[in-house]
Amino acid sequence: MSEYHDEEQVEAIKRWLRKYGLSVVVGVFLGLALMYGIQFWKQNTLKKEALASATYEGILFNLNRGNPEEAMKEALQLKQEMPGTIYGTVAQLLLAKQAVEAHRYEEAKSYLKEMIAKGKMPVYQQLAQLELARILGEEQDFKNAFLALTPLRDVAYASLVEEVKGDLYMAQGKPTEAGAAYEKALRLGSKEPEQEGVLLMKLSEVNRPMPAGGVS
């Protein structure tokens with residue numbers, strides 16, 4: 001009885017194939033595979049994002065607890081495991097910041113250049129560009145520092161770009177150019193009291209007498 005029933009099912013499938021054609025059947029199966037594939041991808045992505053979020057929370061926790069070494073280990077792990085994501089990108093910025101604070105400028109530049117070259121989020125790429133300019137200024141590589149600022153065309157960064165330019169001019173002993181850049185930064189700024197206060201403080205420094213020969 002079972003064999004007869006199985007034969008009936010086989011014949012029914014054959015009739016269905018003859019009626020609708022093989023291409024339709026293949027299309028149905030491909031559609032099902034795509035649907036379940038997308039669901040699996042979504043579930044896998046959500047799991048990764050949840051893990052990345054937990055790791056990022058761990059980084060912030062360790063930073064707040066005064067445990068930067070552990071925080072940087074987690075940041076490096078996040079950068080390696082979630083490249084191109086917002087968590088991996090922010091972790092890379094944190095690694096660069098920590099390297100700068102430790103005066104490991106080559107390491108910091110490596111992180112930032114990788115973000116600029118391979119990053120998928122323009123907002124963070126531009127932040128990396130700004131940080132790279134600042135580091136080059138610290139190294140007194142002023143030519144390349146200004147070049148690093150050249151690609152920054154987003155109006156949201158206009159004030160910060162001018163502020164960094166002012167810092168670079170001051171480091172070269174050019175108070176007139178620095179003052180003009182700081183004043184422009186004030187005009188282009190968001191008018192937040194904290195930002196304005198910093199720029200006004202820098203302008204007051206510009207107006208102080210410079211040492212003979214400027215700053216080398």
# chains A, B, ... in the order shown; residues from 1 in each chain; ligands from 1

call {"tool": "residues_around", "arguments": {"residues": "range 154-164 of chain A", "least_positions_apart": "6", "cutoff": "7 Å", "atoms": "only C-alpha atoms", "output": "PyMOL selection string"}}
result
chain A and resi 134+181-182+184-186+188-189

call {"tool": "write_last_selection", "arguments": {"atoms": "C-alpha atoms", "output": "PDB file, in the first residue's frame"}}
result
ATOM      1  CA  ARG A 134      46.916  67.007  13.929  1.00  0.00           C
ATOM      2  CA  ALA A 181      42.028  80.837  10.704  1.00  0.00           C
ATOM      3  CA  TYR A 182      40.678  80.979  14.284  1.00  0.00           C
ATOM      4  CA  LYS A 184      37.081  81.990  10.428  1.00  0.00           C
ATOM      5  CA  ALA A 185      36.529  78.951  12.640  1.00  0.00           C
ATOM      6  CA  LEU A 186      34.456  81.130  14.980  1.00  0.00           C
ATOM      7  CA  LEU A 188      31.753  78.864  10.769  1.00  0.00           C
ATOM      8  CA  GLY A 189      31.273  77.249  14.182  1.00  0.00           C
TER       9      GLY A 189
END

call {"tool": "residues_around", "arguments": {"residues": "Gln98 in chain A", "least_positions_apart": "6", "cutoff": "12 Å", "atoms": "only C-alpha atoms", "output": "PyMOL selection string"}}
result
chain A and resi 63+68-69+71-73+75-76+91-92+104-105+107-109+111

call {"tool": "select_by_dssp", "arguments": {"residues": "range 78-158 of chain A", "states": "alpha helix (DSSP H)", "output": "PyMOL selection string"}}
result
chain A and resi 78-81+86-101+105-118+122-138+142-149+158

call {"tool": "write_last_selection", "arguments": {"atoms": "C-alpha atoms", "output": "PDB file, in the first residue's frame"}}
result
ATOM      1  CA  LEU A  78      36.508  44.676  17.709  1.00  0.00           C
ATOM      2  CA  LYS A  79      38.497  46.278  14.896  1.00  0.00           C
ATOM      3  CA  GLN A  80      39.677  42.877  13.642  1.00  0.00           C
ATOM      4  CA  GLU A  81      36.347  41.070  13.963  1.00  0.00           C
ATOM      5  CA  ILE A  86      30.363  51.487  13.150  1.00  0.00           C
ATOM      6  CA  TYR A  87      31.681  49.592  16.189  1.00  0.00           C
ATOM      7  CA  GLY A  88      34.866  48.512  14.429  1.00  0.00           C
ATOM      8  CA  THR A  89      35.419  52.015  13.091  1.00  0.00           C
ATOM      9  CA  VAL A  90      34.956  53.716  16.462  1.00  0.00           C
ATOM     10  CA  ALA A  91      37.257  51.110  18.022  1.00  0.00           C
ATOM     11  CA  GLN A  92      39.892  52.021  15.444  1.00  0.00           C
ATOM     12  CA  LEU A  93      39.572  55.707  16.340  1.00  0.00           C
ATOM     13  CA  LEU A  94      40.014  54.814  20.015  1.00  0.00           C
ATOM     14  CA  LEU A  95      43.140  52.814  19.183  1.00  0.00           C
ATOM     15  CA  ALA A  96      44.553  55.766  17.258  1.00  0.00           C
ATOM     16  CA  LYS A  97      43.728  58.150  20.128  1.00  0.00           C
ATOM     17  CA  GLN A  98      45.411  55.877  22.660  1.00  0.00           C
ATOM     18  CA  ALA A  99      48.492  55.589  20.447  1.00  0.00           C
ATOM     19  CA  VAL A 100      48.701  59.391  20.183  1.00  0.00           C
ATOM     20  CA  GLU A 101      48.459  59.782  23.954  1.00  0.00           C
ATOM     21  CA  TYR A 105      52.598  58.427  16.284  1.00  0.00           C
ATOM     22  CA  GLU A 106      53.502  55.889  13.589  1.00  0.00           C
ATOM     23  CA  GLU A 107      51.018  53.411  15.051  1.00  0.00           C
ATOM     24  CA  ALA A 108      48.315  56.085  15.248  1.00  0.00           C
ATOM     25  CA  LYS A 109      48.937  57.164  11.654  1.00  0.00           C
ATOM     26  CA  SER A 110      48.689  53.544  10.524  1.00  0.00           C
ATOM     27  CA  TYR A 111      45.222  53.181  12.070  1.00  0.00           C
ATOM     28  CA  LEU A 112      44.027  56.476  10.623  1.00  0.00           C
ATOM     29  CA  LYS A 113      45.397  55.871   7.131  1.00  0.00           C
ATOM     30  CA  GLU A 114      43.697  52.477   7.062  1.00  0.00           C
ATOM     31  CA  MET A 115      40.406  54.126   7.997  1.00  0.00           C
ATOM     32  CA  ILE A 116      40.826  56.776   5.312  1.00  0.00           C
ATOM     33  CA  ALA A 117      41.749  54.250   2.607  1.00  0.00           C
ATOM     34  CA  LYS A 118      39.361  51.406   3.441  1.00  0.00           C
ATOM     35  CA  PRO A 122      32.593  59.145   5.275  1.00  0.00           C
ATOM     36  CA  VAL A 123      31.817  60.838   8.607  1.00  0.00           C
ATOM     37  CA  TYR A 124      34.475  58.753  10.378  1.00  0.00           C
ATOM     38  CA  GLN A 125      36.903  58.908   7.449  1.00  0.00           C
ATOM     39  CA  GLN A 126      36.836  62.688   7.721  1.00  0.00           C
ATOM     40  CA  LEU A 127      37.425  62.537  11.461  1.00  0.00           C
ATOM     41  CA  ALA A 128      40.421  60.305  10.744  1.00  0.00           C
ATOM     42  CA  GLN A 129      41.646  62.885   8.221  1.00  0.00           C
ATOM     43  CA  LEU A 130      41.470  65.615  10.871  1.00  0.00           C
ATOM     44  CA  GLU A 131      43.303  63.498  13.433  1.00  0.00           C
ATOM     45  CA  LEU A 132      45.987  62.635  10.878  1.00  0.00           C
ATOM     46  CA  ALA A 133      46.538  66.345  10.200  1.00  0.00           C
ATOM     47  CA  ARG A 134      46.916  67.007  13.929  1.00  0.00           C
ATOM     48  CA  ILE A 135      49.481  64.204  14.322  1.00  0.00           C
ATOM     49  CA  LEU A 136      51.482  65.427  11.335  1.00  0.00           C
ATOM     50  CA  GLY A 137      51.450  68.862  12.916  1.00  0.00           C
ATOM     51  CA  GLU A 138      52.838  67.377  16.149  1.00  0.00           C
ATOM     52  CA  PHE A 142      53.358  70.859   8.170  1.00  0.00           C
ATOM     53  CA  LYS A 143      53.247  70.371   4.407  1.00  0.00           C
ATOM     54  CA  ASN A 144      51.567  66.966   4.686  1.00  0.00           C
ATOM     55  CA  ALA A 145      49.414  68.179   7.567  1.00  0.00           C
ATOM     56  CA  PHE A 146      47.846  70.829   5.340  1.00  0.00           C
ATOM     57  CA  LEU A 147      47.525  68.278   2.521  1.00  0.00           C
ATOM     58  CA  ALA A 148      45.620  65.980   4.881  1.00  0.00           C
ATOM     59  CA  LEU A 149      43.052  68.745   5.375  1.00  0.00           C
ATOM     60  CA  ALA A 158      34.588  73.550   8.123  1.00  0.00           C
TER      61      ALA A 158
END

call {"tool": "atom_distance", "arguments": {"atom1": "CA of Gly179 in chain A", "atom2": "CA of Lys165 in chain A"}}
result
10.0 Å

call {"tool": "closest_residue", "arguments": {"among": "A:Thr150, A:Glu205, A:Leu199, A:Pro193", "to": "Lys174 in chain A", "atoms": "only C-alpha atoms"}}
result
A:Glu205

call {"tool": "atom_distance", "arguments": {"atom1": "CA of Pro83 in chain A", "atom2": "CA of Gly119 in chain A"}}
result
8.5 Å

call {"tool": "atom_distance", "arguments": {"atom1": "CA of Gly197 in chain A", "atom2": "CA of Ala171 in chain A"}}
result
20.1 Å
